[in-house]
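Trainee: Could you have a look at this structure, given as structure tokens, before my questions?
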Amino acid sequence: MQRRGHLRIYLGAAPGVGKTYAMLAEGWRRRSRGADVVVGYVETHDRPNTVAQLRDLPIVPRRQIRYHGQTLEEMDVDAILARRPQVALVDELAHTNIPGSKNEKRWQDIEELLASGIDVISTVNIQHLATLNDIVERITGVGQRETVPDAVVRAADQIELVDMSPEALRRRMAHGNVYPPNQVDTALAFYFRVGNLAALRELALLWVADRVDDELADYRERHGIRQPWETKERIVVALSGAPGSEHLLRRAFRMAARTSAEVIGVHVRVTDGRARDEPPALEDQRRLVGELGGRFVEVGGVDEAKGLVRFAKTENATQLLLGASRRSWAYELLHGSVINRVVRDAAPIDVHVISAPDAPSPPVPQLARRHRPALVPARRRNAALVLAILGVPLLAFGISPIHQQLGLPGALLVLLLAVTCVATLGGVVAGVAAAVTGALFGDFFFAPPLDSFRVDHPVEAVALVVFFAVAGIVSALVDSLTRRGVQVARAQAESESLARLAGASVLAGAQALPDIVADVRRTFGLDSAAILTRREGGWTAAVAEGAPAPSSPEEGSYAVELDGGASLVLSGHTLSADDVRLLDAFVAQLRTAQTRERLEVEAKAAVELAEANTLRSALLAAVSHDLRTPLASIKAAVTSILSKEVAWEPEQVRQFCETIDSEADRLNDLIASLLDMTRLQSGMLPVVEEPTSVHDVLDNAIASLASAATGVVVHFNGDVPPASADPGLLERAVANLVSNAQKWAPPGKPARVEVGAVDGEVEIRVIDEGPGIPVARRESVFVPFQQLGDGVGQGPQGLGLGLALAKGFVEAMSGRLAIEDTPGGGTTMVVTLKRSAEGS
């Protein structure tokens, strides 16, 4: 049987990282050791370093194919098979062959070589893998037509990642080692952005890491290794589907973020033959795992603990997270603790038991009205009444067989104990009911004559009366103790509420109002609480908590007036006098928060007013000079024309008129810019966003500059969709940027404008190769009237308005204007606009 060749692939994180160079270096190394190595196909892209790396490697001539009247070249598979080298170097694994070739794809050519026993060394970039093609397109905005199935790459005997940091690759690009100089700026501005390269690099690293994990899992399975190997942090989170487990998942992902670990959420479904409904919160937890970037798995097992540990070890997990058990001690006593069994069996995996989050503070207990029984929860009260009506008679019946040994006094003592227990559980009403049934059935079962409610002897009657009196007194004492316990609990709850309220007082007004209203609702156990403000035609909820929120003070069960005509409206049970007393503290804090909010608004208005005054002062200082200059020129020209002492020639008069015209235009532009800046500062600039052709805007902007834009180079990177912008404002912003770029562009190197679509946005890049702007001075470039020493950003108006207006116009259209360095020196102004929905 013929030996199959070995395939080695150099996987590039991005174009230009050096995978072809690495392939040729490996081929030359093998040739130097005596192997028969040939170059089946290599694409050097005329890069000097790659061409030099070919050295003396023999190259198999390419096959000539006629296609659409052109002669094109492809790898000659038959020639390589006839040559039968030990190793063939074949570049660009994902390449699609020209129609008429032996195979459709190059990876199919390589399969033939491998099947013939020839070792192949090939290259491919991460963006050409079929399963990642759509992800790469979303990242870079560029689709890849040539792809290779992931299975072909995964089947390689060796995969070596060729990697380079984004900054290093961009430097290589800027030095001209990847693309020709005229393509460098476009490549760096779009496909080779730092973010794009970082994302591609991460994709490549993760893809290779997954393959390494697969190889490691196969190795451990072949060698029967069951113990986890801590080659990568993996956190398994046990999800029971019980409500409130979301904090467990978030804690796991916070732990994973510190170590770049993988998180797997697992739910063990017990398969003991009994039908069980899906836990109520399991679907929400499954969705949360996906949103946070983890993986959810559901496994079956007879024993929950064993199934969880078995899964964790199978996944080679390093940490296992469980939530603290909420099961009762009785349940764990009967069935055992899942956590204890997991801790015992999970070694060497680290097990973390995460406590449950603090429960929200319960509402303050309600005090009973004076001369009324203490308030007891309905569940306890009903249970106590059942015991009083049924339990006490059953107890009497149960001890009736030993009535001769107990006698009436002993039986009444036993029943008195039952009455005390009932009164403790359900309060005085249940205690009195138990006393009545105890007296009746004590008489029925223990007082002669037996089995009747008649009493023949005064002694027995006195005993029953005393029993009833003692039972009533005990019930009253228990009620008093219950009332005092509720008072203590309420005092404690009030203290905690006031402490929370004091802590909330450090918040600013607008932030504190929702928190205080939520605390009011929680403290008093209300259905809803809201702050309503009066508007024309009714009330509006400024802050609301709970549902349904009241829409007017009349709809609430209680309302209190706040500052500024607002009202705090509460819906739910009726508040007691003690509740109203505690509520006064909340109301006072709400009024304080309202005052703070009002003061914050006034302080903000004062700051804006101070900024406006500063702007006016700067405007007056700047205008005093810049308005005077054109006026002085106009005045001088007019005075010269009107002078009777000199007889001016027609040509001289014409020159004076041209001076007047140009200075008037300059003055008009200056006044228009000042008005625009005033509108921007006051927020009164009209903006009408619509689908806008960037091509048309650029043509109009450059045409408006006339001679100032001579030689500007415009380049569109592919089809550029319409931008969402105001055409007039965008034209003026671009004109200012181009004018500024031309001003600083060196002779022979005019400004350039490059346009492209990136990540759902449209970018306009205005580039010059001038002296550039230091990073420390970039922010001040966009500040009007702050003239820099070198005049950068002053634009044609001379007041520092050019770039400030451009930034204001762009931001008014919900866009961004940023400054970047031009490769090789200079400044690049980047305008980023939203892509129009109609052009998407």
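Here's how to read the names in the structure tokens: chain A, B, ... by the order shown, residue numbers from 1 in each chain, ligand numbers from 1 in the order shown.
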Which residues come within 9 Å of Leu132 (chain A), counting only C-alpha atoms, excluding same-chain residues fewer than 6 positions away, as a list in words?
Mentor: Ile126, Asp150 and Leu203 of chain A
Trainee: At a cut-off of 9 Å, using only C-alpha atoms, what residues contact region 552-555 of chain A? Leave out same-chain residues fewer than 2 positions from it and give the result as an mmCIF file with C-alpha atoms, in the first residue's frame.
Mentor:
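File result-v3.cif, as written:
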```cif
data_model
loop_
_atom_site.group_PDB
_atom_site.id
_atom_site.type_symbol
_atom_site.label_atom_id
_atom_site.label_comp_id
_atom_site.auth_asym_id
_atom_site.auth_seq_id
_atom_site.Cartn_x
_atom_site.Cartn_y
_atom_site.Cartn_z
ATOM 1 C CA LEU A 532 -46.252 62.294 39.906
ATOM 2 C CA GLY A 538 -53.071 65.664 33.868
ATOM 3 C CA TRP A 539 -50.311 63.950 35.802
ATOM 4 C CA THR A 540 -47.070 62.393 34.553
ATOM 5 C CA ALA A 541 -45.002 59.769 36.410
ATOM 6 C CA PRO A 550 -50.936 55.109 39.983
ATOM 7 C CA SER A 557 -54.171 54.641 48.896
ATOM 8 C CA TYR A 558 -51.998 57.447 50.268
ATOM 9 C CA ALA A 559 -50.526 60.619 48.777
ATOM 10 C CA VAL A 560 -48.229 63.304 50.126
ATOM 11 C CA SER A 567 -46.749 64.227 44.792
ATOM 12 C CA LEU A 568 -45.637 60.887 46.209
ATOM 13 C CA VAL A 569 -48.497 58.459 45.569
ATOM 14 C CA LEU A 570 -48.620 54.994 47.171
ATOM 15 C CA SER A 571 -50.836 52.050 46.201
#
```
Trainee: Expressed in Å to a single decimal, how great is the separation between CA of Ala512 (chain A) and CA of Gly572 (chain A)?
Mentor: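 Between CA of Ala512 (chain A) and CA of Gly572 (chain A) the gap is 22.9 Å.
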Trainee: Run DSSP on the backbone of this structure and report the residues of region 59-300 of chain A it assigns to strand (DSSP E or B), as a PyMOL selection string.
Mentor: chain A and resi 59+63-67+70-74+87-90+96+105+119-125+129+148+158-162+234-238+262-270+295-300
Trainee: Using only C-alpha atoms, which of the listed residues (A:Arg591, A:His6, A:Arg170, A:His352) sits closest to Gln319 (chain A)?
Mentor: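 Checking each of A:Arg591, A:His6, A:Arg170, A:His352 against Gln319 (chain A), counting only C-alpha atoms, the winner is A:His352.
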Trainee: Just the alpha helix (DSSP H) stuff from region 123-259 of chain A, please, per backbone DSSP, written as a PyMOL selection string.
Mentor: chain A and resi 133-140+150-154+166-174+181-189+194-222+246-259
